[in-house]
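*Asks:* Right, I'll just put the structure down here and ask away after.
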There are 2 protein chains.
Amino acid sequence: MRSFNPPVRTLMGPGPADVHPRILQAMARPTIGHLDPAFIGMMDEVKDALKYAFQTENELTMPVSAPGSAGMETCFANLVEPGDKVIVCINGVFGNRMKENVVRFGGEAVVVEDSWGEAVSADKLEQALKDNPDAKIVAFVHAETSTGAQSDAKTLCKLAHDYDCITIVDAVTSLAGSELRVDEWEIDAIYSGSQKCLSAMPGISPISFGERAIKKLSNRKTPVASWFLDLNLVMAYWGEGKKRAYHHTAPVNTLYGLHESLVMLTEEGLENAWARHTKNHLELKAGLESLGMSFVVKEGDRLPQLNTVWIPEGVDDAMVRSTLLNDYNLEVGAGLGALAGKVWRIGLMGYSSRKENIILCTSALKEIFDSAK
Amino acid sequence: MRSFNPPVRTLMGPGPADVHPRILQAMARPTIGHLDPAFIGMMDEVKDALKYAFQTENELTMPVSAPGSAGMETCFANLVEPGDKVIVCINGVFGNRMKENVVRFGGEAVVVEDSWGEAVSADKLEQALKDNPDAKIVAFVHAETSTGAQSDAKTLCKLAHDYDCITIVDAVTSLAGSELRVDEWEIDAIYSGSQKCLSAMPGISPISFGERAIKKLSNRKTPVASWFLDLNLVMAYWGEGKKRAYHHTAPVNTLYGLHESLVMLTEEGLENAWARHTKNHLELKAGLESLGMSFVVKEGDRLPQLNTVWIPEGVDDAMVRSTLLNDYNLEVGAGLGALAGKVWRIGLMGYSSRKENIILCTSALKEIFDSAK
């Protein structure tokens with residue numbers, strides 16, 4: 001068994017995205033104790049910067065010490081009580097996973113379904129809200145990583161509130177990549193990931209809970225079915241002030257990386273980051289269309305950071321992706337579920353969203369297509 | 001907001017331990033995709049090396065993508081079904097946490113209590129097994145991080161099996177630091193942490209499940225109350241073969257670090273690592289006793305990697321620990337729970353278990369004691 005020296009890839013899949021060298025270097029800084037005063041100070045900065053990234057004043061804004069799937073589970077474990085009716089909007093893999101979460105925590109899932117590649121339909125949601133006046137929560141994915149579709153979170157949240165529901169929103173792929181305003185859009189509970197548009201290493205999940213969500217959590221009649229993710233306990237560690245109660249050992253070096261990624265986000269400015277993702281999306285789109293490829297998601301609903309395109313007819317999916325990986329060190333994403341074998345998911349997230357990556361990707365695809373002719 | 005440059009500490013608390021520079025450097029290697037063939041190969045090596053560290057042939061041996069508390073939760077979430085009676089041996093903080101886990105997953109906890117600082121009593125466990133013939137699981141902590149006591153895992157497991165119970169064992173602090181033989185001792189489910197005697201960064205939790213545990217998992221009548229930790233799903237990603245099903249995004253760089261720590265363990269040899277921890281414990285013990293300090297745990301039950309000593313009378317706990325941290329960049333652990341303010345927990349774990357650390361710690365304590373006279 002020898003030390004592992006990974007190949008140097010360009011990551012243009014659905015995440016992880018390329019991690020900036022500054023962030024990699026931050027990960028290698030000396031580990032200190034998770035209760036060290038110097039570490040506590042850094043935690044406060046991470047919390048403040050996450051509030052900025054989410055555009056929220058929510059006090060309960062912090063990173064969960066595990067990947068995005070655990071961020072999702074944190075929302076559902078804390079907010080769903082056995083018997084709660086939850087309307088889950090499904091338009092891809094991650095909506096399905098939300099439903100699975102509802103069921104695992106004893107809730108009743110009412111599904112609002114849209115085709116893969118489409119945004120969540122506000123009309124269908126409203127009908128479901130009318131049909132289910134006892135529903136307590138609406139859950140949907142803002143940026144569906146399996147299809148590249150974004151939904152109108154502001155409208156969906158307003159609808160949910162009109163019918164006295166709170167909202168759980170998946171922003172794993174949207175945070176720092178496209179417009180997201182937690183307070184203005186009145187999102188009640190939201191989770192994201194570190195490895196997409198924040199360009200940090202995978203393994204940590206920023207979340208934010210607003211007043212309505214905290215009220216639901218505080219009024220629980222049953223304990224949260226998880227000790228590790230119980231926010232009543234986690235908050236005592238991530239809360240305000242010098243006196244932090246030990247809960248679990250935080251992933252110290254991973255937090256160094258997240259901190260550095262947030263420093264870089266504040267340097268660039270959040271709206272500039274959104275604009276960069278849009279600009280580069282348009283450049284990639286022009287390149288892909290010139291190769292005869294077309295988008296799965298209709299214009300207006302497309303995520304700039306995740307470009308899902310139909311694989312041209314007669315082109316061998318697996319051959320192209322393995323040639324990209326082996327000859328160009330370039331990773332693009334395969335289709336998931338119903339879209340497996342039919343699409344590629346080309347990510348331009350965070351540090352991956354760069355002109356040089358666009359050139360590499362379109363040039364490599366052109367070479368492969370040409371040589372297969 | 002600026003880049004965070006942590007102070008350089010010597011970590012002699014209850015964990016995290018000092019992370020070896022080789023491991024820190026490994027964390028900074030370029031991130032690759034979690035489904036990249038190169039990554040899959042590394043995962044196989046991590047699994048094999050963890051089998052070696054645990055001394056097991058268990059196929060289901062892998063790291064959970066979250067801290068030790070989540071490793072604990074993985075065991076209880078998968079093995080405890082609502083209504084299951086679980087005998088939990090409590091002799092410190094982490095036994096208590098096990099009980100909390102049992103209750104959260106709908107189990108009934110029968111507590112066998114021993115004083116903090118003592119090993120788990122086999123006699124008391126046997127009595128509880130006699131009194132509770134319907135018990136299905138026995139859970140105990142091999143190495144109690146809150147007190148520094150180690151329990152006789154082999155004897156406790158044998159007893160449990162005599163009464164048809166399976167065992168869940170906490171080895172967060174023991175793995176790679178003191179003798180631990182999963183197969184020979186017939187431990188059915190075990191979890192550990194990366195940040196103790198493996199000297200890796202915190203945030204990941206090696207686990208291993210044997211046949212009896214897998215049988216209990218397979219015979220569940222209710223779904224596991226967690227999507228993220230459901231081993232039926234996680235196994236599809238960490239399982240054998242080239243075809244890995246996407247479950248969650250693995251913490252790629254953290255796994256680089258764990259891999260490197262396991263390379264170093266195989267270089268040193270497991271039994272040599274155990275012997276080093278014992279040798280250094282004896283040296284530290286001599287130094288601490290020469291300063292008039294005595295151990296909380298009786299000889300024979302002491303963990304070599306975690307030395308819990310009474311704070312000498314008249315000595316100010318907080319002053320000493322803050323002086324150690326501020327003037328010597330040295331972290332030692334405070335007492336937890338019933339032992340708060342009364343003891344220090346001095347860790348000699350993994351890379352922290354070095355002669356130079358022993359000299360620093362005993363010399364610094366001597367200087368502080370002398371100057372306070």
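Letters A, B, ... go to the chains of the structure tokens in the order shown; residues in each chain start at 1; ligands are counted from 1 in the same order.
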Show me a table, sorted first by chain and then by increasing residue number, of the residues of stretch 3-31 of chain A having an atom at most 12 Å from stretch 168-191 of chain A, each with its shortest atom pair and the distance in Å to one decimal, counting only C-alpha atoms and written as CSV.
*Replies:*
residue,atom,partner,partner_atom,distance
A:Gly13,CA,A:Thr173,CA,11.6
A:Pro14,CA,A:Thr173,CA,8.3
A:Gly15,CA,A:Thr173,CA,8.4
A:Pro16,CA,A:Thr173,CA,10.3
A:Ala17,CA,A:Thr173,CA,10.5
*Asks:* Superimpose chain A on chain B so that the squared distances between all in-order C-alpha pairs are minimised, and send the result as a short mmCIF file (atom, residue, chain, number, x, y, z; two decimals) with C-alpha atoms, in the first residue's frame.
*Replies:*
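Output saved as out.cif:
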data_model
loop_
_atom_site.label_atom_id
_atom_site.label_comp_id
_atom_site.auth_asym_id
_atom_site.auth_seq_id
_atom_site.Cartn_x
_atom_site.Cartn_y
_atom_site.Cartn_z
CA MET A 1 -12.68 38.44 6.35
CA ARG A 2 -9.22 37.04 5.78
CA SER A 3 -7.64 33.65 5.24
CA PHE A 4 -7.42 31.71 8.48
CA ASN A 5 -3.95 30.75 9.63
CA PRO A 6 -4.32 28.60 12.71
CA PRO A 7 -1.78 28.69 15.51
CA VAL A 8 0.49 25.64 15.54
CA ARG A 9 -0.53 23.62 18.56
CA THR A 10 0.65 20.40 20.13
CA LEU A 11 -2.53 18.40 20.63
CA MET A 12 -2.48 16.29 23.79
CA GLY A 13 -6.16 16.32 24.56
CA PRO A 14 -8.75 13.62 23.98
CA GLY A 15 -8.64 14.22 20.21
CA PRO A 16 -8.10 15.49 17.64
CA ALA A 17 -4.50 14.36 17.98
CA ASP A 18 -1.63 15.93 16.10
CA VAL A 19 -2.06 15.21 12.41
CA HIS A 20 1.15 14.08 10.75
CA PRO A 21 2.46 16.45 8.02
CA ARG A 22 2.25 13.61 5.50
CA ILE A 23 -1.47 13.36 6.20
CA LEU A 24 -1.99 17.13 6.01
CA GLN A 25 -0.21 17.16 2.67
CA ALA A 26 -2.37 14.31 1.41
CA MET A 27 -5.47 16.39 2.18
CA ALA A 28 -4.22 19.11 -0.17
CA ARG A 29 -3.94 16.87 -3.23
CA PRO A 30 -6.22 17.76 -6.14
CA THR A 31 -9.84 16.72 -5.68
CA ILE A 32 -11.12 14.14 -8.16
CA GLY A 33 -14.64 12.86 -8.72
CA HIS A 34 -16.11 10.42 -6.22
CA LEU A 35 -16.93 8.04 -9.08
CA ASP A 36 -13.54 8.40 -10.79
CA PRO A 37 -11.94 4.96 -11.38
CA ALA A 38 -8.78 6.23 -9.65
CA PHE A 39 -10.85 7.13 -6.60
CA ILE A 40 -12.62 3.77 -6.56
CA GLY A 41 -9.22 2.06 -6.46
CA MET A 42 -8.23 4.15 -3.45
CA MET A 43 -11.49 3.28 -1.71
CA ASP A 44 -10.65 -0.42 -2.04
CA GLU A 45 -7.27 0.18 -0.40
CA VAL A 46 -8.91 2.11 2.44
CA LYS A 47 -11.32 -0.76 3.05
CA ASP A 48 -8.52 -3.34 3.08
CA ALA A 49 -6.37 -1.27 5.41
CA LEU A 50 -9.29 -0.70 7.78
CA LYS A 51 -9.80 -4.47 7.94
CA TYR A 52 -6.19 -4.71 9.02
CA ALA A 53 -6.57 -1.95 11.61
CA PHE A 54 -9.71 -3.60 13.03
CA GLN A 55 -8.19 -7.09 12.68
CA THR A 56 -11.20 -8.38 10.84
CA GLU A 57 -12.19 -10.10 7.63
CA ASN A 58 -15.60 -8.40 7.71
CA GLU A 59 -16.54 -7.46 4.17
CA LEU A 60 -18.66 -4.59 5.50
CA THR A 61 -15.75 -2.49 6.74
CA MET A 62 -15.63 1.11 5.55
CA PRO A 63 -15.52 4.73 6.64
CA VAL A 64 -18.77 6.61 7.26
CA SER A 65 -18.57 10.09 5.68
CA ALA A 66 -18.99 11.98 8.97
CA PRO A 67 -17.49 12.18 12.48
CA GLY A 68 -17.44 9.39 15.08
CA SER A 69 -20.82 10.41 16.47
CA ALA A 70 -22.28 9.53 13.08
CA GLY A 71 -20.42 6.22 13.14
CA MET A 72 -22.13 5.52 16.46
CA GLU A 73 -25.45 6.52 14.97
CA THR A 74 -24.85 4.28 11.95
CA CYS A 75 -24.61 1.27 14.26
CA PHE A 76 -27.69 2.11 16.29
CA ALA A 77 -29.84 3.34 13.38
CA ASN A 78 -29.21 0.15 11.43
CA LEU A 79 -29.35 -2.39 14.26
CA VAL A 80 -31.98 -1.09 16.69
CA GLU A 81 -35.60 -1.55 15.65
CA PRO A 82 -38.47 0.08 17.52
CA GLY A 83 -39.19 -2.02 20.59
CA ASP A 84 -35.78 -3.73 20.72
CA LYS A 85 -34.37 -4.08 24.20
CA VAL A 86 -30.74 -2.95 24.34
CA ILE A 87 -28.45 -3.33 27.34
CA VAL A 88 -26.21 -0.27 27.48
CA CYS A 89 -23.17 -0.28 29.74
CA ILE A 90 -22.47 3.25 30.94
CA ASN A 91 -19.22 4.27 32.57
CA GLY A 92 -18.79 7.72 31.07
CA VAL A 93 -20.08 10.25 28.54
CA PHE A 94 -20.09 8.00 25.52
CA GLY A 95 -22.09 5.22 27.13
CA ASN A 96 -24.70 7.87 27.86
CA ARG A 97 -24.68 8.90 24.23
CA MET A 98 -25.25 5.25 23.22
CA LYS A 99 -28.31 5.17 25.45
CA GLU A 100 -29.57 8.36 23.82
CA ASN A 101 -29.16 6.67 20.44
CA VAL A 102 -31.16 3.63 21.53
CA VAL A 103 -34.04 5.81 22.67
CA ARG A 104 -34.02 7.97 19.53
CA PHE A 105 -34.45 4.88 17.37
CA GLY A 106 -37.35 3.59 19.41
CA GLY A 107 -35.46 0.97 21.41
CA GLU A 108 -35.75 0.27 25.13
CA ALA A 109 -32.50 0.91 26.97
CA VAL A 110 -31.56 -1.18 30.00
CA VAL A 111 -28.67 0.55 31.73
CA VAL A 112 -25.76 -1.20 33.45
CA GLU A 113 -23.93 1.49 35.33
CA ASP A 114 -20.34 1.66 36.54
CA SER A 115 -18.56 4.56 38.15
CA TRP A 116 -16.75 7.00 35.92
CA GLY A 117 -13.14 5.86 35.69
CA GLU A 118 -13.95 2.19 36.13
CA ALA A 119 -14.11 -0.49 33.48
CA VAL A 120 -17.48 -2.01 32.60
CA SER A 121 -18.26 -4.78 35.09
CA ALA A 122 -18.77 -8.18 33.48
CA ASP A 123 -20.66 -9.38 36.55
CA LYS A 124 -23.17 -6.55 36.33
CA LEU A 125 -23.61 -7.17 32.62
CA GLU A 126 -24.25 -10.87 33.24
CA GLN A 127 -26.87 -10.03 35.84
CA ALA A 128 -28.59 -7.68 33.40
CA LEU A 129 -28.54 -10.39 30.73
CA LYS A 130 -30.12 -12.85 33.18
CA ASP A 131 -32.75 -10.29 34.18
CA ASN A 132 -33.54 -9.41 30.57
CA PRO A 133 -33.72 -12.60 28.53
CA ASP A 134 -35.50 -10.67 25.76
CA ALA A 135 -32.55 -8.28 25.22
CA LYS A 136 -31.22 -8.32 21.70
CA ILE A 137 -28.16 -6.08 21.80
CA VAL A 138 -25.37 -5.25 24.26
CA ALA A 139 -23.63 -1.92 23.72
CA PHE A 140 -20.51 -0.71 25.49
CA VAL A 141 -17.52 1.55 25.07
CA HIS A 142 -14.19 -0.19 24.68
CA ALA A 143 -12.14 2.93 25.39
CA GLU A 144 -14.07 5.60 27.33
CA THR A 145 -12.70 8.90 26.08
CA SER A 146 -14.27 10.81 28.96
CA THR A 147 -12.37 8.87 31.64
CA GLY A 148 -9.47 6.96 30.10
CA ALA A 149 -10.79 3.55 31.17
CA GLN A 150 -10.70 0.54 28.92
CA SER A 151 -13.03 -2.40 29.27
CA ASP A 152 -12.50 -6.06 28.52
CA ALA A 153 -14.24 -6.22 25.17
CA LYS A 154 -13.48 -9.90 24.63
CA THR A 155 -15.15 -11.00 27.88
CA LEU A 156 -18.13 -8.68 27.44
CA CYS A 157 -18.75 -9.91 23.88
CA LYS A 158 -18.54 -13.55 24.97
CA LEU A 159 -21.11 -12.90 27.69
CA ALA A 160 -23.43 -11.13 25.27
CA HIS A 161 -23.29 -14.05 22.86
CA ASP A 162 -23.91 -16.58 25.65
CA TYR A 163 -27.23 -14.81 26.09
CA ASP A 164 -27.95 -14.49 22.34
CA CYS A 165 -27.26 -10.79 22.09
CA ILE A 166 -25.21 -9.06 19.43
CA THR A 167 -22.69 -6.39 20.41
CA ILE A 168 -22.11 -2.77 19.43
CA VAL A 169 -18.70 -1.50 20.51
CA ASP A 170 -17.33 2.06 20.63
CA ALA A 171 -13.67 1.95 19.63
CA VAL A 172 -13.28 5.63 18.80
CA THR A 173 -10.23 6.04 21.00
CA SER A 174 -8.84 2.50 20.92
CA LEU A 175 -8.44 1.81 17.20
CA ALA A 176 -4.70 1.67 16.39
CA GLY A 177 -3.77 2.77 19.92
CA SER A 178 -4.34 -0.34 21.99
CA GLU A 179 -5.09 -3.99 21.40
CA LEU A 180 -8.31 -4.48 19.45
CA ARG A 181 -9.20 -7.69 17.62
CA VAL A 182 -12.66 -7.57 16.09
CA ASP A 183 -12.78 -11.12 14.75
CA GLU A 184 -10.99 -12.88 17.60
CA TRP A 185 -13.10 -11.06 20.19
CA GLU A 186 -16.26 -11.59 18.13
CA ILE A 187 -17.36 -7.97 18.07
CA ASP A 188 -20.46 -7.71 15.88
CA ALA A 189 -20.60 -4.00 15.09
CA ILE A 190 -17.92 -1.44 15.83
CA TYR A 191 -17.24 2.20 15.06
CA SER A 192 -14.23 4.44 15.49
CA GLY A 193 -12.92 7.88 14.54
CA SER A 194 -10.15 9.18 12.32
CA GLN A 195 -8.84 11.86 14.65
CA LYS A 196 -7.49 9.78 17.52
CA CYS A 197 -4.84 7.07 17.17
CA LEU A 198 -5.00 7.12 13.37
CA SER A 199 -3.68 10.71 13.51
CA ALA A 200 -5.89 11.82 10.65
CA MET A 201 -8.07 14.91 10.57
CA PRO A 202 -11.47 14.71 12.28
CA GLY A 203 -14.57 14.07 10.22
CA ILE A 204 -14.71 10.44 9.24
CA SER A 205 -15.71 7.29 11.07
CA PRO A 206 -14.48 3.78 10.26
CA ILE A 207 -17.03 1.07 10.99
CA SER A 208 -17.19 -2.70 10.64
CA PHE A 209 -20.19 -5.04 10.71
CA GLY A 210 -19.88 -8.81 11.12
CA GLU A 211 -22.25 -11.59 10.09
CA ARG A 212 -24.53 -11.45 13.13
CA ALA A 213 -25.01 -7.69 12.69
CA ILE A 214 -25.70 -8.01 8.97
CA LYS A 215 -28.25 -10.74 9.72
CA LYS A 216 -30.05 -8.44 12.15
CA LEU A 217 -29.97 -5.63 9.60
CA SER A 218 -31.28 -7.91 6.84
CA ASN A 219 -34.15 -9.11 9.00
CA ARG A 220 -35.43 -5.63 9.86
CA LYS A 221 -39.18 -5.23 9.56
CA THR A 222 -39.02 -1.41 9.49
CA PRO A 223 -36.87 0.83 7.29
CA VAL A 224 -33.78 2.40 8.86
CA ALA A 225 -34.78 5.83 10.19
CA SER A 226 -32.05 7.53 8.17
CA TRP A 227 -31.43 7.69 4.46
CA PHE A 228 -27.87 8.99 4.80
CA LEU A 229 -26.76 6.25 7.21
CA ASP A 230 -28.80 3.32 5.83
CA LEU A 231 -26.13 0.69 5.24
CA ASN A 232 -28.29 -1.07 2.66
CA LEU A 233 -27.75 2.01 0.49
CA VAL A 234 -24.24 2.97 1.59
CA MET A 235 -22.99 -0.54 0.82
CA ALA A 236 -24.02 -0.18 -2.80
CA TYR A 237 -21.45 2.61 -3.07
CA TRP A 238 -18.70 1.08 -0.92
CA GLY A 239 -19.34 -2.50 -2.07
CA GLU A 240 -17.22 -4.73 -4.27
CA GLY A 241 -16.60 -4.44 -7.98
CA LYS A 242 -16.38 -1.69 -10.52
CA LYS A 243 -20.08 -0.89 -10.59
CA ARG A 244 -20.70 1.54 -7.74
CA ALA A 245 -24.10 3.04 -7.22
CA TYR A 246 -24.10 6.72 -6.41
CA HIS A 247 -25.30 7.32 -2.87
CA HIS A 248 -23.78 10.53 -1.60
CA THR A 249 -20.70 12.55 -2.53
CA ALA A 250 -17.83 11.09 -0.54
CA PRO A 251 -15.52 13.54 1.31
CA VAL A 252 -12.76 13.02 -1.24
CA ASN A 253 -9.89 14.95 0.36
CA THR A 254 -10.68 13.70 3.84
CA LEU A 255 -10.39 10.18 2.46
CA TYR A 256 -6.99 11.07 0.98
CA GLY A 257 -5.96 11.90 4.54
CA LEU A 258 -7.39 8.71 6.00
CA HIS A 259 -5.68 6.71 3.25
CA GLU A 260 -2.31 8.25 4.08
CA SER A 261 -2.80 7.59 7.79
CA LEU A 262 -3.48 3.95 6.98
CA VAL A 263 -0.39 3.77 4.77
CA MET A 264 1.59 4.99 7.78
CA LEU A 265 -0.08 2.43 10.03
CA THR A 266 0.88 -0.41 7.71
CA GLU A 267 4.43 0.94 7.56
CA GLU A 268 4.73 0.97 11.34
CA GLY A 269 2.78 -2.24 11.87
CA LEU A 270 -0.31 -2.44 14.05
CA GLU A 271 1.29 -4.25 16.99
CA ASN A 272 4.24 -1.83 16.92
CA ALA A 273 1.78 1.05 17.11
CA TRP A 274 0.10 -0.53 20.13
CA ALA A 275 3.53 -1.05 21.75
CA ARG A 276 4.55 2.56 21.08
CA HIS A 277 1.42 3.84 22.79
CA THR A 278 2.13 1.65 25.82
CA LYS A 279 5.79 2.65 26.04
CA ASN A 280 5.02 6.36 25.84
CA HIS A 281 2.21 6.03 28.37
CA LEU A 282 4.68 4.61 30.87
CA GLU A 283 7.10 7.48 30.27
CA LEU A 284 4.37 10.09 30.68
CA LYS A 285 3.08 8.31 33.77
CA ALA A 286 6.52 8.49 35.39
CA GLY A 287 6.73 12.19 34.59
CA LEU A 288 3.27 13.02 35.91
CA GLU A 289 3.77 10.99 39.07
CA SER A 290 7.05 12.78 39.73
CA LEU A 291 4.96 15.98 39.72
CA GLY A 292 2.73 14.45 42.38
CA MET A 293 -0.17 13.58 40.15
CA SER A 294 -2.14 10.36 40.27
CA PHE A 295 -4.35 8.48 37.83
CA VAL A 296 -8.13 8.34 37.96
CA VAL A 297 -8.26 4.85 36.48
CA LYS A 298 -6.69 1.94 38.34
CA GLU A 299 -3.68 0.21 36.85
CA GLY A 300 -4.63 -2.47 34.37
CA ASP A 301 -7.72 -0.62 33.16
CA ARG A 302 -5.84 2.44 31.91
CA LEU A 303 -5.82 3.44 28.27
CA PRO A 304 -2.21 4.17 27.28
CA GLN A 305 -3.43 6.75 24.77
CA LEU A 306 -5.55 8.76 27.20
CA ASN A 307 -4.13 9.56 30.61
CA THR A 308 -6.67 10.97 33.02
CA VAL A 309 -5.11 12.42 36.16
CA TRP A 310 -6.48 14.22 39.19
CA ILE A 311 -5.72 17.93 39.22
CA PRO A 312 -3.46 18.47 42.27
CA GLU A 313 -5.14 20.18 45.19
CA GLY A 314 -5.00 23.97 45.10
CA VAL A 315 -4.18 24.06 41.40
CA ASP A 316 -6.43 26.21 39.22
CA ASP A 317 -7.71 24.06 36.34
CA ALA A 318 -8.64 26.85 33.95
CA MET A 319 -5.46 28.87 34.63
CA VAL A 320 -3.21 25.90 33.93
CA ARG A 321 -4.96 24.90 30.73
CA SER A 322 -5.03 28.43 29.38
CA THR A 323 -1.35 28.94 30.27
CA LEU A 324 -0.49 25.69 28.51
CA LEU A 325 -2.41 26.83 25.45
CA ASN A 326 -1.28 30.45 25.35
CA ASP A 327 2.35 30.14 26.49
CA TYR A 328 3.22 26.65 25.27
CA ASN A 329 0.74 26.13 22.42
CA LEU A 330 -0.12 22.90 24.17
CA GLU A 331 -3.67 21.57 24.39
CA VAL A 332 -4.66 19.10 27.09
CA GLY A 333 -8.23 18.00 27.72
CA ALA A 334 -10.55 19.23 30.45
CA GLY A 335 -12.74 16.89 32.46
CA LEU A 336 -16.22 16.17 31.15
CA GLY A 337 -19.48 15.81 33.07
CA ALA A 338 -18.92 14.57 36.63
CA LEU A 339 -15.15 15.00 36.23
CA ALA A 340 -15.25 18.62 35.01
CA GLY A 341 -12.77 20.76 36.93
CA LYS A 342 -11.33 17.73 38.69
CA VAL A 343 -9.18 16.02 36.08
CA TRP A 344 -7.09 16.57 33.01
CA ARG A 345 -7.19 14.20 30.10
CA ILE A 346 -3.76 14.00 28.54
CA GLY A 347 -3.76 12.28 25.20
CA LEU A 348 -0.89 10.43 23.61
CA MET A 349 -2.68 9.35 20.49
CA GLY A 350 -1.21 8.48 17.15
CA TYR A 351 1.32 11.07 16.03
CA SER A 352 0.89 12.85 19.38
CA SER A 353 2.36 9.78 21.09
CA ARG A 354 5.98 10.95 20.85
CA LYS A 355 8.84 11.43 23.28
CA GLU A 356 9.11 15.15 22.50
CA ASN A 357 5.48 15.70 23.43
CA ILE A 358 5.95 13.95 26.76
CA ILE A 359 8.91 16.16 27.56
CA LEU A 360 7.02 19.30 26.56
CA CYS A 361 3.97 18.42 28.61
CA THR A 362 5.71 17.41 31.82
CA SER A 363 8.20 20.30 31.62
CA ALA A 364 5.47 22.85 31.00
CA LEU A 365 3.36 21.54 33.87
CA LYS A 366 6.40 21.65 36.17
CA GLU A 367 7.14 25.27 35.23
CA ILE A 368 3.54 26.31 35.80
CA PHE A 369 3.27 24.49 39.12
CA ASP A 370 6.59 25.96 40.28
CA SER A 371 5.72 29.52 39.33
CA ALA A 372 2.33 29.24 41.08
CA LYS A 373 4.00 28.24 44.36
#
*Asks:* Residues of stretch 86-137 of chain A classed as helix (DSSP H, G or I) by DSSP on the backbone are to be reported as a ChimeraX atom specification.
*Replies:* /A:93-104,122-131
*Asks:* Using only N, CA and C atoms, please write the residues we just selected to a file, as a JSON list (two decimals), in the first residue's frame.
*Replies:*
[["chain", "number", "residue", "atom", "x", "y", "z"],
["A", 93, "VAL", "N", -33.90, 13.39, -9.40],
["A", 93, "VAL", "CA", -33.41, 12.46, -8.38],
["A", 93, "VAL", "C", -33.57, 13.01, -6.96],
["A", 94, "PHE", "N", -33.28, 14.29, -6.79],
["A", 94, "PHE", "CA", -33.17, 14.80, -5.43],
["A", 94, "PHE", "C", -34.53, 15.08, -4.79],
["A", 95, "GLY", "N", -35.54, 15.33, -5.62],
["A", 95, "GLY", "CA", -36.90, 15.38, -5.10],
["A", 95, "GLY", "C", -37.31, 14.00, -4.58],
["A", 96, "ASN", "N", -36.93, 12.96, -5.31],
["A", 96, "ASN", "CA", -37.19, 11.60, -4.86],
["A", 96, "ASN", "C", -36.54, 11.32, -3.51],
["A", 97, "ARG", "N", -35.32, 11.81, -3.36],
["A", 97, "ARG", "CA", -34.61, 11.57, -2.11],
["A", 97, "ARG", "C", -35.31, 12.30, -0.95],
["A", 98, "MET", "N", -35.85, 13.49, -1.25],
["A", 98, "MET", "CA", -36.63, 14.22, -0.22],
["A", 98, "MET", "C", -37.82, 13.38, 0.23],
["A", 99, "LYS", "N", -38.49, 12.78, -0.73],
["A", 99, "LYS", "CA", -39.66, 11.95, -0.39],
["A", 99, "LYS", "C", -39.22, 10.79, 0.52],
["A", 100, "GLU", "N", -38.11, 10.19, 0.16],
["A", 100, "GLU", "CA", -37.57, 9.08, 0.96],
["A", 100, "GLU", "C", -37.30, 9.55, 2.40],
["A", 101, "ASN", "N", -36.79, 10.75, 2.52],
["A", 101, "ASN", "CA", -36.55, 11.32, 3.85],
["A", 101, "ASN", "C", -37.85, 11.47, 4.64],
["A", 102, "VAL", "N", -38.88, 11.99, 3.98],
["A", 102, "VAL", "CA", -40.17, 12.20, 4.66],
["A", 102, "VAL", "C", -40.67, 10.89, 5.24],
["A", 103, "VAL", "N", -40.61, 9.84, 4.41],
["A", 103, "VAL", "CA", -41.13, 8.54, 4.82],
["A", 103, "VAL", "C", -40.31, 7.97, 5.98],
["A", 104, "ARG", "N", -38.98, 8.09, 5.88],
["A", 104, "ARG", "CA", -38.11, 7.55, 6.93],
["A", 104, "ARG", "C", -38.41, 8.18, 8.29],
["A", 122, "ALA", "N", -45.85, 25.65, -10.41],
["A", 122, "ALA", "CA", -46.54, 26.34, -9.31],
["A", 122, "ALA", "C", -48.02, 25.98, -9.31],
["A", 123, "ASP", "N", -48.59, 25.81, -10.49],
["A", 123, "ASP", "CA", -50.02, 25.47, -10.56],
["A", 123, "ASP", "C", -50.29, 24.11, -9.91],
["A", 124, "LYS", "N", -49.45, 23.14, -10.23],
["A", 124, "LYS", "CA", -49.64, 21.82, -9.63],
["A", 124, "LYS", "C", -49.48, 21.88, -8.11],
["A", 125, "LEU", "N", -48.48, 22.66, -7.67],
["A", 125, "LEU", "CA", -48.29, 22.79, -6.23],
["A", 125, "LEU", "C", -49.54, 23.40, -5.59],
["A", 126, "GLU", "N", -50.07, 24.44, -6.22],
["A", 126, "GLU", "CA", -51.25, 25.10, -5.62],
["A", 126, "GLU", "C", -52.42, 24.12, -5.53],
["A", 127, "GLN", "N", -52.59, 23.31, -6.57],
["A", 127, "GLN", "CA", -53.66, 22.32, -6.53],
["A", 127, "GLN", "C", -53.47, 21.35, -5.36],
["A", 128, "ALA", "N", -52.22, 20.91, -5.19],
["A", 128, "ALA", "CA", -51.93, 19.97, -4.09],
["A", 128, "ALA", "C", -52.18, 20.63, -2.74],
["A", 129, "LEU", "N", -51.88, 21.91, -2.64],
["A", 129, "LEU", "CA", -52.11, 22.62, -1.38],
["A", 129, "LEU", "C", -53.61, 22.73, -1.11],
["A", 130, "LYS", "N", -54.39, 22.97, -2.17],
["A", 130, "LYS", "CA", -55.86, 23.03, -2.02],
["A", 130, "LYS", "C", -56.41, 21.67, -1.61],
["A", 131, "ASP", "N", -55.87, 20.63, -2.24],
["A", 131, "ASP", "CA", -56.36, 19.26, -1.97],
["A", 131, "ASP", "C", -55.93, 18.75, -0.60]]
